>>> print(open('structure_31.cif').read())   # mmCIF, C-alpha atoms
data_final
#
loop_
_atom_site.group_PDB
_atom_site.id
_atom_site.type_symbol
_atom_site.label_atom_id
_atom_site.label_comp_id
_atom_site.auth_asym_id
_atom_site.auth_seq_id
_atom_site.Cartn_x
_atom_site.Cartn_y
_atom_site.Cartn_z
ATOM 1 C CA MET A 494 -83.538 11.433 21.447
ATOM 2 C CA LYS A 495 -80.412 10.022 19.844
ATOM 3 C CA ILE A 496 -79.580 9.576 16.175
ATOM 4 C CA SER A 497 -76.862 7.103 15.262
ATOM 5 C CA PHE A 498 -74.769 7.269 12.107
ATOM 6 C CA VAL A 499 -73.179 4.170 10.611
ATOM 7 C CA VAL A 500 -70.262 4.814 8.271
ATOM 8 C CA ALA A 501 -68.525 1.970 6.415
ATOM 9 C CA VAL A 502 -64.874 2.878 5.877
ATOM 10 C CA TYR A 503 -62.497 1.440 3.281
ATOM 11 C CA HIS A 504 -59.512 3.531 2.162
ATOM 12 C CA ASN A 505 -61.188 6.844 3.009
ATOM 13 C CA GLU A 506 -58.207 8.626 4.534
ATOM 14 C CA GLY A 507 -58.695 12.371 4.392
ATOM 15 C CA ALA A 508 -62.480 12.285 4.050
ATOM 16 C CA LEU A 509 -63.334 10.955 7.522
ATOM 17 C CA SER A 510 -62.539 14.113 9.487
ATOM 18 C CA LYS A 511 -64.621 16.169 7.055
ATOM 19 C CA THR A 512 -67.529 13.727 7.310
ATOM 20 C CA HIS A 513 -67.374 13.928 11.106
ATOM 21 C CA GLU A 514 -67.137 17.710 11.012
ATOM 22 C CA ARG A 515 -70.176 18.108 8.748
ATOM 23 C CA ILE A 516 -72.306 15.816 10.897
ATOM 24 C CA GLN A 517 -71.148 17.603 14.034
ATOM 25 C CA ASP A 518 -72.064 20.999 12.537
ATOM 26 C CA ILE A 519 -75.666 19.886 11.984
ATOM 27 C CA PHE A 520 -76.029 18.769 15.585
ATOM 28 C CA SER A 521 -74.617 22.017 16.883
ATOM 29 C CA GLY A 522 -77.145 23.875 14.753
ATOM 30 C CA VAL A 523 -80.535 22.821 13.368
ATOM 31 C CA LEU A 524 -80.588 19.470 15.221
ATOM 32 C CA ALA A 525 -79.113 20.775 18.479
ATOM 33 C CA LYS A 526 -81.908 19.222 20.556
ATOM 34 C CA TYR A 527 -80.859 15.715 19.497
ATOM 35 C CA GLU A 528 -77.978 13.609 20.711
ATOM 36 C CA TYR A 529 -75.858 11.754 18.179
ATOM 37 C CA GLU A 530 -73.243 9.060 17.831
ATOM 38 C CA ILE A 531 -71.142 8.060 14.828
ATOM 39 C CA VAL A 532 -70.140 4.430 14.379
ATOM 40 C CA PHE A 533 -67.218 4.113 11.969
ATOM 41 C CA VAL A 534 -66.459 0.565 10.781
ATOM 42 C CA ASP A 535 -63.002 0.163 9.245
ATOM 43 C CA ASP A 536 -63.335 -2.636 6.697
ATOM 44 C CA GLY A 537 -59.683 -3.656 6.628
ATOM 45 C CA SER A 538 -58.279 -0.401 5.218
ATOM 46 C CA LYS A 539 -54.553 -0.424 4.461
ATOM 47 C CA ASP A 540 -54.145 3.361 4.326
ATOM 48 C CA GLY A 541 -54.279 5.809 7.232
ATOM 49 C CA SER A 542 -58.049 5.544 7.761
ATOM 50 C CA LEU A 543 -57.784 3.802 11.147
ATOM 51 C CA ALA A 544 -55.292 6.318 12.521
ATOM 52 C CA GLU A 545 -57.583 9.146 11.438
ATOM 53 C CA LEU A 546 -60.562 7.455 13.115
ATOM 54 C CA LEU A 547 -58.685 6.974 16.379
ATOM 55 C CA LYS A 548 -57.804 10.681 16.416
ATOM 56 C CA LEU A 549 -61.479 11.511 15.969
ATOM 57 C CA ARG A 550 -62.287 9.152 18.829
ATOM 58 C CA GLU A 551 -59.886 11.067 21.080
ATOM 59 C CA LEU A 552 -61.509 14.388 20.159
ATOM 60 C CA ASP A 553 -65.142 13.268 20.353
ATOM 61 C CA ASN A 554 -66.417 10.580 22.727
ATOM 62 C CA LYS A 555 -69.544 10.255 20.561
ATOM 63 C CA VAL A 556 -67.390 8.499 17.964
ATOM 64 C CA LYS A 557 -67.237 4.687 18.036
ATOM 65 C CA VAL A 558 -64.723 2.743 15.972
ATOM 66 C CA ILE A 559 -64.848 -0.912 14.937
ATOM 67 C CA THR A 560 -62.045 -2.554 12.956
ATOM 68 C CA PHE A 561 -62.156 -5.798 10.941
ATOM 69 C CA THR A 562 -59.333 -8.307 10.589
ATOM 70 C CA ARG A 563 -59.528 -7.915 6.792
ATOM 71 C CA ASN A 564 -61.753 -6.529 4.068
ATOM 72 C CA PHE A 565 -65.156 -8.240 4.305
ATOM 73 C CA GLY A 566 -67.092 -5.815 2.118
ATOM 74 C CA GLN A 567 -69.367 -2.815 2.549
ATOM 75 C CA MET A 568 -72.427 -4.854 3.539
ATOM 76 C CA ALA A 569 -70.507 -6.586 6.330
ATOM 77 C CA ALA A 570 -69.290 -3.216 7.646
ATOM 78 C CA MET A 571 -72.828 -1.853 7.617
ATOM 79 C CA LEU A 572 -74.136 -4.906 9.500
ATOM 80 C CA ALA A 573 -71.477 -4.518 12.192
ATOM 81 C CA GLY A 574 -72.329 -0.849 12.612
ATOM 82 C CA PHE A 575 -76.079 -1.484 12.731
ATOM 83 C CA ARG A 576 -75.642 -3.962 15.586
ATOM 84 C CA VAL A 577 -73.627 -1.459 17.620
ATOM 85 C CA ALA A 578 -75.771 1.628 16.977
ATOM 86 C CA THR A 579 -77.942 2.569 19.961
ATOM 87 C CA GLY A 580 -79.911 5.525 18.589
ATOM 88 C CA ASP A 581 -83.676 5.928 18.334
ATOM 89 C CA ALA A 582 -83.009 6.304 14.614
ATOM 90 C CA VAL A 583 -80.060 5.033 12.576
ATOM 91 C CA VAL A 584 -78.684 6.729 9.463
ATOM 92 C CA ASN A 585 -76.495 4.855 7.000
ATOM 93 C CA ILE A 586 -74.229 7.298 5.187
ATOM 94 C CA SER A 587 -71.144 6.998 2.992
ATOM 95 C CA ALA A 588 -67.671 8.008 4.166
ATOM 96 C CA ASP A 589 -66.668 9.725 0.911
ATOM 97 C CA LEU A 590 -68.809 12.904 1.235
ATOM 98 C CA GLN A 591 -70.969 11.935 -1.770
ATOM 99 C CA ASP A 592 -74.160 11.763 0.312
ATOM 100 C CA PRO A 593 -75.324 15.324 1.121
ATOM 101 C CA VAL A 594 -75.359 15.737 4.894
ATOM 102 C CA GLU A 595 -77.657 18.732 4.386
ATOM 103 C CA LEU A 596 -80.555 16.308 3.781
ATOM 104 C CA ILE A 597 -80.347 14.883 7.304
ATOM 105 C CA PRO A 598 -82.662 17.497 8.912
ATOM 106 C CA GLU A 599 -85.312 16.732 6.264
ATOM 107 C CA MET A 600 -84.894 13.009 6.888
ATOM 108 C CA VAL A 601 -85.320 13.540 10.636
ATOM 109 C CA GLU A 602 -88.419 15.678 10.042
ATOM 110 C CA LYS A 603 -90.062 12.963 7.919
ATOM 111 C CA TRP A 604 -89.190 10.426 10.614
ATOM 112 C CA LYS A 605 -90.754 12.588 13.321
ATOM 113 C CA THR A 606 -93.947 12.956 11.268
ATOM 114 C CA GLY A 607 -94.514 9.212 10.952
ATOM 115 C CA SER A 608 -92.125 7.689 8.424
ATOM 116 C CA GLU A 609 -90.317 4.632 9.769
ATOM 117 C CA ILE A 610 -87.891 4.448 6.849
ATOM 118 C CA VAL A 611 -86.664 7.553 5.024
ATOM 119 C CA ILE A 612 -84.823 6.771 1.801
ATOM 120 C CA CYS A 613 -82.699 9.273 -0.115
ATOM 121 C CA TYR A 614 -82.489 7.830 -3.615
ATOM 122 C CA ARG A 615 -80.126 8.784 -6.394
ATOM 123 C CA THR A 616 -81.591 10.572 -9.428
ATOM 124 C CA ASP A 617 -78.180 11.325 -10.922
ATOM 125 C CA ARG A 618 -74.560 10.518 -10.215
ATOM 126 C CA ASP A 619 -71.145 11.660 -11.425
ATOM 127 C CA ASP A 620 -70.019 8.345 -12.923
ATOM 128 C CA SER A 621 -68.679 7.161 -16.247
ATOM 129 C CA VAL A 622 -71.081 6.303 -19.060
ATOM 130 C CA ALA A 623 -70.311 2.586 -18.656
ATOM 131 C CA ALA A 624 -70.998 2.701 -14.901
ATOM 132 C CA LYS A 625 -74.296 4.503 -15.469
ATOM 133 C CA LEU A 626 -75.378 1.977 -18.104
ATOM 134 C CA PHE A 627 -74.523 -0.959 -15.843
ATOM 135 C CA SER A 628 -76.409 0.681 -12.972
ATOM 136 C CA ARG A 629 -79.517 1.229 -15.091
ATOM 137 C CA LEU A 630 -79.421 -2.328 -16.430
ATOM 138 C CA ALA A 631 -78.841 -3.847 -12.975
ATOM 139 C CA TYR A 632 -81.599 -1.856 -11.269
ATOM 140 C CA GLY A 633 -83.927 -2.506 -14.200
ATOM 141 C CA ILE A 634 -83.525 -6.252 -13.619
ATOM 142 C CA MET A 635 -83.794 -5.938 -9.819
ATOM 143 C CA ARG A 636 -86.961 -3.879 -10.086
ATOM 144 C CA MET A 637 -88.658 -6.793 -11.856
ATOM 145 C CA SER A 638 -88.888 -8.540 -8.485
ATOM 146 C CA HIS A 639 -88.565 -5.432 -6.253
ATOM 147 C CA PRO A 640 -90.589 -2.712 -8.036
ATOM 148 C CA GLN A 641 -90.533 -0.498 -4.921
ATOM 149 C CA ILE A 642 -86.772 0.068 -5.268
ATOM 150 C CA PRO A 643 -86.149 3.522 -6.809
ATOM 151 C CA PRO A 644 -84.603 3.378 -10.316
ATOM 152 C CA GLY A 645 -81.264 4.794 -9.092
ATOM 153 C CA GLY A 646 -81.048 2.677 -5.959
ATOM 154 C CA PHE A 647 -80.092 3.928 -2.505
ATOM 155 C CA ASP A 648 -77.696 3.570 0.425
ATOM 156 C CA PHE A 649 -78.335 6.869 2.237
ATOM 157 C CA VAL A 650 -81.242 5.997 4.513
ATOM 158 C CA LEU A 651 -82.709 6.662 7.981
ATOM 159 C CA MET A 652 -84.291 3.768 9.895
ATOM 160 C CA ASP A 653 -86.423 3.877 13.017
ATOM 161 C CA ARG A 654 -85.228 1.761 15.950
ATOM 162 C CA LYS A 655 -87.920 -0.896 15.435
ATOM 163 C CA VAL A 656 -86.938 -1.169 11.766
ATOM 164 C CA MET A 657 -83.313 -1.542 12.771
ATOM 165 C CA ASN A 658 -84.192 -4.285 15.249
ATOM 166 C CA GLU A 659 -86.118 -6.225 12.596
ATOM 167 C CA PHE A 660 -83.328 -5.806 10.066
ATOM 168 C CA ASN A 661 -80.713 -7.007 12.568
ATOM 169 C CA ALA A 662 -82.852 -10.046 13.422
ATOM 170 C CA VAL A 663 -82.326 -11.461 9.913
ATOM 171 C CA ASP A 664 -79.329 -13.799 10.168
ATOM 172 C CA VAL A 665 -78.288 -14.808 6.648
ATOM 173 C CA ARG A 666 -75.199 -14.495 4.470
ATOM 174 C CA HIS A 667 -74.966 -12.420 1.295
ATOM 175 C CA ARG A 668 -77.394 -9.767 2.517
ATOM 176 C CA TYR A 669 -78.955 -7.364 0.029
ATOM 177 C CA PHE A 670 -79.508 -4.127 1.931
ATOM 178 C CA GLN A 671 -82.141 -2.472 -0.248
ATOM 179 C CA GLY A 672 -84.291 -5.556 -0.712
ATOM 180 C CA ASP A 673 -84.074 -6.660 2.928
ATOM 181 C CA LEU A 674 -84.950 -3.189 4.184
ATOM 182 C CA LEU A 675 -88.006 -2.711 1.962
ATOM 183 C CA TRP A 676 -89.121 -6.284 2.652
ATOM 184 C CA THR A 677 -89.902 -5.293 6.260
ATOM 185 C CA GLY A 678 -92.909 -3.315 4.997
ATOM 186 C CA TYR A 679 -92.604 -0.318 7.330
ATOM 187 C CA ARG A 680 -93.924 3.110 6.330
ATOM 188 C CA THR A 681 -91.442 4.568 3.861
ATOM 189 C CA SER A 682 -90.907 8.019 2.385
ATOM 190 C CA PHE A 683 -88.489 9.022 -0.368
ATOM 191 C CA ILE A 684 -86.241 12.026 -0.964
ATOM 192 C CA PRO A 685 -84.556 12.413 -4.383
ATOM 193 C CA TYR A 686 -81.028 13.803 -4.671
ATOM 194 C CA ALA A 687 -78.101 13.986 -7.058
ATOM 195 C CA ARG A 688 -75.089 12.093 -5.734
ATOM 196 C CA LEU A 689 -72.207 14.478 -5.212
ATOM 197 C CA LYS A 690 -68.872 14.232 -6.985
ATOM 198 C CA ARG A 691 -66.142 12.519 -5.008
ATOM 199 C CA THR A 692 -63.475 15.092 -4.087
ATOM 200 C CA ILE A 693 -61.120 13.042 -1.886
ATOM 201 C CA GLY A 694 -59.561 9.727 -2.878
ATOM 202 C CA ILE A 695 -60.837 7.246 -5.459
ATOM 203 C CA SER A 696 -63.747 4.846 -5.280
ATOM 204 C CA GLN A 697 -62.961 1.314 -4.073
ATOM 205 C CA TYR A 698 -66.338 0.070 -5.311
ATOM 206 C CA ASN A 699 -65.053 -1.651 -8.451
ATOM 207 C CA PHE A 700 -66.950 -3.680 -11.055
ATOM 208 C CA GLY A 701 -66.360 -6.962 -9.218
ATOM 209 C CA LYS A 702 -67.995 -5.618 -6.043
ATOM 210 C CA LYS A 703 -70.863 -4.131 -8.024
ATOM 211 C CA PHE A 704 -71.432 -7.454 -9.779
ATOM 212 C CA LYS A 705 -71.330 -9.322 -6.449
ATOM 213 C CA ASN A 706 -73.977 -6.953 -5.066
ATOM 214 C CA PHE A 707 -76.052 -7.491 -8.201
ATOM 215 C CA LEU A 708 -75.854 -11.284 -7.791
ATOM 216 C CA ASP A 709 -76.842 -11.008 -4.131
ATOM 217 C CA ALA A 710 -79.851 -8.928 -5.140
ATOM 218 C CA VAL A 711 -80.968 -11.279 -7.898
ATOM 219 C CA LEU A 712 -80.160 -14.640 -6.306
ATOM 220 C CA ASP A 713 -80.760 -14.056 -2.593
ATOM 221 C CA ALA A 714 -83.642 -11.607 -2.663
ATOM 222 C CA SER A 715 -85.519 -12.682 -5.778
ATOM 223 C CA TYR A 716 -87.211 -15.676 -7.390
ATOM 224 C CA LEU A 717 -86.417 -14.244 -10.852
ATOM 225 C CA PRO A 718 -83.539 -16.616 -11.866
ATOM 226 C CA ILE A 719 -85.515 -19.768 -11.042
ATOM 227 C CA ARG A 720 -88.572 -18.481 -12.886
ATOM 228 C CA PHE A 721 -86.396 -17.454 -15.811
ATOM 229 C CA ILE A 722 -84.710 -20.828 -16.279
ATOM 230 C CA SER A 723 -88.084 -22.546 -15.843
ATOM 231 C CA MET A 724 -89.549 -20.401 -18.638
ATOM 232 C CA VAL A 725 -86.504 -20.999 -20.858
ATOM 233 C CA GLY A 726 -86.839 -24.740 -20.214
ATOM 234 C CA LEU A 727 -90.530 -24.694 -21.164
ATOM 235 C CA MET A 728 -89.860 -22.649 -24.295
ATOM 236 C CA THR A 729 -87.007 -24.937 -25.350
ATOM 237 C CA SER A 730 -89.179 -28.011 -24.784
ATOM 238 C CA ALA A 731 -92.034 -26.458 -26.772
ATOM 239 C CA LEU A 732 -89.729 -25.591 -29.671
ATOM 240 C CA GLY A 733 -88.250 -29.081 -29.530
ATOM 241 C CA LEU A 734 -91.735 -30.611 -29.672
ATOM 242 C CA LEU A 735 -92.714 -28.455 -32.655
ATOM 243 C CA TYR A 736 -89.510 -29.330 -34.454
ATOM 244 C CA SER A 737 -90.047 -33.039 -33.728
ATOM 245 C CA ILE A 738 -93.544 -32.820 -35.212
ATOM 246 C CA SER A 739 -92.153 -31.131 -38.323
ATOM 247 C CA ILE A 740 -89.556 -33.885 -38.698
ATOM 248 C CA VAL A 741 -92.204 -36.635 -38.453
ATOM 249 C CA TYR A 742 -94.437 -34.772 -40.901
ATOM 250 C CA SER A 743 -91.569 -34.384 -43.363
ATOM 251 C CA TRP A 744 -90.712 -38.083 -43.033
ATOM 252 C CA PHE A 745 -94.264 -39.057 -44.017
ATOM 253 C CA LYS A 746 -93.940 -36.799 -47.062
ATOM 254 C CA GLY A 747 -90.583 -38.351 -47.924
ATOM 255 C CA GLU A 748 -88.685 -35.159 -47.223
ATOM 256 C CA THR A 749 -85.903 -34.105 -44.854
ATOM 257 C CA PRO A 750 -86.335 -30.499 -43.512
ATOM 258 C CA PHE A 751 -82.602 -30.000 -42.919
ATOM 259 C CA SER A 752 -79.760 -32.261 -43.915
ATOM 260 C CA GLY A 753 -76.107 -32.458 -43.010
ATOM 261 C CA TRP A 754 -73.791 -31.862 -40.076
ATOM 262 C CA ALA A 755 -74.444 -28.111 -39.528
ATOM 263 C CA PRO A 756 -78.081 -28.165 -38.317
ATOM 264 C CA ILE A 757 -77.362 -31.013 -35.897
ATOM 265 C CA MET A 758 -74.401 -29.141 -34.376
ATOM 266 C CA ILE A 759 -76.413 -25.929 -34.096
ATOM 267 C CA ALA A 760 -79.159 -27.712 -32.164
ATOM 268 C CA VAL A 761 -76.676 -29.539 -29.906
ATOM 269 C CA LEU A 762 -74.633 -26.416 -29.123
ATOM 270 C CA LEU A 763 -77.693 -24.235 -28.534
ATOM 271 C CA VAL A 764 -79.418 -26.681 -26.194
ATOM 272 C CA GLY A 765 -76.124 -27.580 -24.503
ATOM 273 C CA GLY A 766 -75.375 -23.899 -23.853
ATOM 274 C CA ILE A 767 -78.814 -23.355 -22.334
ATOM 275 C CA ILE A 768 -78.349 -26.372 -20.065
ATOM 276 C CA MET A 769 -74.909 -25.157 -18.902
ATOM 277 C CA VAL A 770 -76.304 -21.734 -18.033
ATOM 278 C CA MET A 771 -79.118 -23.370 -16.051
ATOM 279 C CA LEU A 772 -76.622 -25.575 -14.213
ATOM 280 C CA GLY A 773 -74.561 -22.482 -13.415
ATOM 281 C CA VAL A 774 -77.556 -20.729 -11.851
ATOM 282 C CA ILE A 775 -78.454 -23.834 -9.859
ATOM 283 C CA GLY A 776 -74.807 -24.139 -8.807
ATOM 284 C CA GLU A 777 -74.895 -20.569 -7.448
ATOM 285 C CA TYR A 778 -77.915 -21.452 -5.342
ATOM 286 C CA ILE A 779 -76.275 -24.662 -4.062
ATOM 287 C CA TRP A 780 -73.128 -22.745 -3.084
ATOM 288 C CA ARG A 781 -75.200 -20.163 -1.212
ATOM 289 C CA ILE A 782 -77.133 -22.914 0.557
ATOM 290 C CA ASN A 783 -73.780 -24.410 1.572
ATOM 291 C CA GLU A 784 -72.723 -21.001 2.939
ATOM 292 C CA GLU A 785 -75.882 -20.828 5.035
ATOM 293 C CA VAL A 786 -75.342 -24.337 6.426
ATOM 294 C CA ARG A 787 -71.742 -23.532 7.418
ATOM 295 C CA LYS A 788 -72.960 -20.469 9.371
ATOM 296 C CA ARG A 789 -69.705 -18.571 9.118
ATOM 297 C CA PRO A 790 -70.038 -14.991 10.396
ATOM 298 C CA ASN A 791 -70.297 -12.166 7.886
ATOM 299 C CA TYR A 792 -67.248 -10.502 9.430
ATOM 300 C CA VAL A 793 -64.551 -10.855 12.114
ATOM 301 C CA ILE A 794 -63.904 -7.899 14.422
ATOM 302 C CA ARG A 795 -60.335 -7.160 15.470
ATOM 303 C CA ASP A 796 -60.891 -4.237 17.866
ATOM 304 C CA ARG A 797 -63.638 -2.026 19.265
ATOM 305 C CA PHE A 798 -62.926 1.493 20.444
ATOM 306 C CA PHE A 799 -65.840 2.801 22.534
#
>>> encode(input="structure_31.cif", output="structure tokens")
Amino acid sequence: MKISFVVAVYHNEGALSKTHERIQDIFSGVLAKYEYEIVFVDDGSKDGSLAELLKLRELDNKVKVITFTRNFGQMAAMLAGFRVATGDAVVNISADLQDPVELIPEMVEKWKTGSEIVICYRTDRDDSVAAKLFSRLAYGIMRMSHPQIPPGGFDFVLMDRKVMNEFNAVDVRHRYFQGDLLWTGYRTSFIPYARLKRTIGISQYNFGKKFKNFLDAVLDASYLPIRFISMVGLMTSALGLLYSISIVYSWFKGETPFSGWAPIMIAVLLVGGIIMVMLGVIGEYIWRINEEVRKRPNYVIRDRFF
């Protein structure tokens, strides 16, 4: 049986040979009875990542390399790798050595005993306090509509071939990996781990990319924003009705509950702000609908080396 590895690459020069070496060591040892292939997808790197990958390709014919015309993002690189992988099981793993390769035998064992998806989820990570707080807040919101997602999220995962086929059959833009994978409903097992400290290079996963992933999770894989603005609209209408009743009641009593310019401006600005936020959310949905109608591909491949 063959196990495929998909590795999204973006400015990972220096770490790729070590990642390949550690995977290779496992398949020359505890998993020697399995075949393997490693699909590296270079997501428009401008450092020496591609040159390093091509050297690996020369040394090991089990290495496949795909290059993009520009940087399309981690999700696009993963999608390209998933569609090329031919293994009976497919493992998505990072290129920066932060996912412990030592867990792969345990993942394979759970797969062989009946699990169709094996998720290694993060219980801790070596990040800044601000990054940890944002992660907790983001996953707390996402878990409102996807309670099966582990609190720390995941990327390091093994998928059975039939799971991979179902995942690849979904043809939409702005994919959310975790939500789309768990949506399939296949038998899933979980392995906790502490994400390792990055020792080579610096992370390219900046706040903008994290926020984009968060929006994809909330807007594309959840009904939460629409429900939220509907509830805010109902609450605002209810408060407006109660205030209107109080105004009429005060008029009959010959009183004015609030007088002057300030209360009018407060009401106008508050309601106007709520409306603008609602229009912004609706605008996000309209833009994403437009993206779906245009049917542009998630990525453009420059070269394939395999």
>>> atom_distance(input="structure_31.cif", atom1="CA of Val793 (chain A)", atom2="CA of Asn564 (chain A)")
9.6 Å
>>> residues_near_point(input="structure_31.cif", point="(-92.3, 10.9, 9.2)", cutoff="12 Å", atoms="all atoms listed in the file", output="list in words")
Ala582, Pro598, Glu599, Met600, Val601, Glu602, Lys603, Trp604, Lys605, Thr606, Gly607, Ser608, Glu609, Ile610, Val611, Ile612, Leu651, Met652, Asp653, Tyr679, Arg680, Thr681, Ser682, Phe683 and Ile684 of chain A
>>> closest_residue(input="structure_31.cif", among="A:Glu551, A:Glu514, A:Glu777, A:Glu785", to="Leu708 (chain A)", atoms="only C-alpha atoms")
A:Glu777
>>> closest_residue(input="structure_31.cif", among="A:Asp518, A:Leu509, A:Val523, A:Ala588", to="Leu547 (chain A)", atoms="only C-alpha atoms")
A:Leu509
>>> atom_distance(input="structure_31.cif", atom1="CA of Val656 (chain A)", atom2="CA of Phe704 (chain A)")
27.3 Å
>>> resolve_selection(input="structure_31.cif", expression="the PyMOL selection byres ((chain A and resi 617) around 7)", output="compact mmCIF listing (two decimals) with C-alpha atoms, keeping the file's coordinate frame")
# COMPACT_ATOMS: atom_id res chain seq x y z
CA ARG A 615 -80.13 8.78 -6.39
CA THR A 616 -81.59 10.57 -9.43
CA ARG A 618 -74.56 10.52 -10.22
CA ALA A 687 -78.10 13.99 -7.06
CA ARG A 688 -75.09 12.09 -5.73
>>> atom_distance(input="structure_31.cif", atom1="CA of Phe660 (chain A)", atom2="CA of Val499 (chain A)")
14.2 Å
>>> resolve_selection(input="structure_31.cif", expression="the PyMOL selection byres ((chain A and resi 570) around 10)", output="list in words")
Val499, Val500, Ala501, Val502, Tyr503, Phe533, Val534, Asp535, Asp536, Gly537, Ile559, Thr560, Phe561, Asn564, Phe565, Gly566, Gln567, Met568, Ala569, Met571, Leu572, Ala573, Gly574, Phe575, Asn791, Tyr792 and Ile794 of chain A
>>> closest_residue(input="structure_31.cif", among="A:Gly541, A:Gly633, A:Gly580, A:Gly522", to="Phe498 (chain A)", atoms="only C-alpha atoms")
A:Gly580
>>> build_atoms(input="structure_31.cif", residues="region 519-525 of chain A", atoms="all heavy atoms", output="PDB file, keeping the file's coordinate frame")
ATOM      1  N   ILE A 519     -74.200  19.959  12.000  1.00  0.00           N
ATOM      2  CA  ILE A 519     -75.666  19.886  11.984  1.00  0.00           C
ATOM      3  C   ILE A 519     -76.226  19.749  13.392  1.00  0.00           C
ATOM      4  O   ILE A 519     -77.240  20.352  13.744  1.00  0.00           O
ATOM      5  CB  ILE A 519     -76.128  18.717  11.084  1.00  0.00           C
ATOM      6  CG1 ILE A 519     -75.871  19.050   9.618  1.00  0.00           C
ATOM      7  CG2 ILE A 519     -77.603  18.400  11.304  1.00  0.00           C
ATOM      8  CD1 ILE A 519     -76.245  17.972   8.665  1.00  0.00           C
ATOM      9  N   PHE A 520     -75.528  18.989  14.223  1.00  0.00           N
ATOM     10  CA  PHE A 520     -76.029  18.769  15.585  1.00  0.00           C
ATOM     11  C   PHE A 520     -75.644  19.884  16.554  1.00  0.00           C
ATOM     12  O   PHE A 520     -76.085  19.880  17.703  1.00  0.00           O
ATOM     13  CB  PHE A 520     -75.554  17.414  16.099  1.00  0.00           C
ATOM     14  CG  PHE A 520     -76.323  16.270  15.515  1.00  0.00           C
ATOM     15  CD1 PHE A 520     -75.932  15.699  14.312  1.00  0.00           C
ATOM     16  CD2 PHE A 520     -77.463  15.796  16.137  1.00  0.00           C
ATOM     17  CE1 PHE A 520     -76.655  14.656  13.748  1.00  0.00           C
ATOM     18  CE2 PHE A 520     -78.191  14.756  15.578  1.00  0.00           C
ATOM     19  CZ  PHE A 520     -77.791  14.191  14.381  1.00  0.00           C
ATOM     20  N   SER A 521     -74.857  20.809  16.087  1.00  0.00           N
ATOM     21  CA  SER A 521     -74.617  22.017  16.883  1.00  0.00           C
ATOM     22  C   SER A 521     -75.486  23.162  16.372  1.00  0.00           C
ATOM     23  O   SER A 521     -75.457  24.260  16.931  1.00  0.00           O
ATOM     24  CB  SER A 521     -73.138  22.414  16.805  1.00  0.00           C
ATOM     25  OG  SER A 521     -72.762  22.704  15.474  1.00  0.00           O
ATOM     26  N   GLY A 522     -76.273  22.864  15.324  1.00  0.00           N
ATOM     27  CA  GLY A 522     -77.145  23.875  14.753  1.00  0.00           C
ATOM     28  C   GLY A 522     -78.589  23.434  14.740  1.00  0.00           C
ATOM     29  O   GLY A 522     -79.248  23.367  15.784  1.00  0.00           O
ATOM     30  N   VAL A 523     -79.106  23.084  13.549  1.00  0.00           N
ATOM     31  CA  VAL A 523     -80.535  22.821  13.368  1.00  0.00           C
ATOM     32  C   VAL A 523     -81.030  21.621  14.175  1.00  0.00           C
ATOM     33  O   VAL A 523     -82.199  21.561  14.570  1.00  0.00           O
ATOM     34  CB  VAL A 523     -80.848  22.644  11.862  1.00  0.00           C
ATOM     35  CG1 VAL A 523     -80.165  21.405  11.297  1.00  0.00           C
ATOM     36  CG2 VAL A 523     -82.347  22.595  11.631  1.00  0.00           C
ATOM     37  N   LEU A 524     -80.175  20.655  14.453  1.00  0.00           N
ATOM     38  CA  LEU A 524     -80.588  19.470  15.221  1.00  0.00           C
ATOM     39  C   LEU A 524     -79.970  19.470  16.622  1.00  0.00           C
ATOM     40  O   LEU A 524     -79.695  18.415  17.190  1.00  0.00           O
ATOM     41  CB  LEU A 524     -80.189  18.184  14.477  1.00  0.00           C
ATOM     42  CG  LEU A 524     -80.860  17.943  13.120  1.00  0.00           C
ATOM     43  CD1 LEU A 524     -80.388  16.634  12.512  1.00  0.00           C
ATOM     44  CD2 LEU A 524     -82.391  17.933  13.256  1.00  0.00           C
ATOM     45  N   ALA A 525     -79.792  20.649  17.183  1.00  0.00           N
ATOM     46  CA  ALA A 525     -79.113  20.775  18.479  1.00  0.00           C
ATOM     47  C   ALA A 525     -79.850  20.061  19.608  1.00  0.00           C
ATOM     48  O   ALA A 525     -79.232  19.683  20.608  1.00  0.00           O
ATOM     49  CB  ALA A 525     -78.928  22.253  18.815  1.00  0.00           C
TER      50      ALA A 525
END
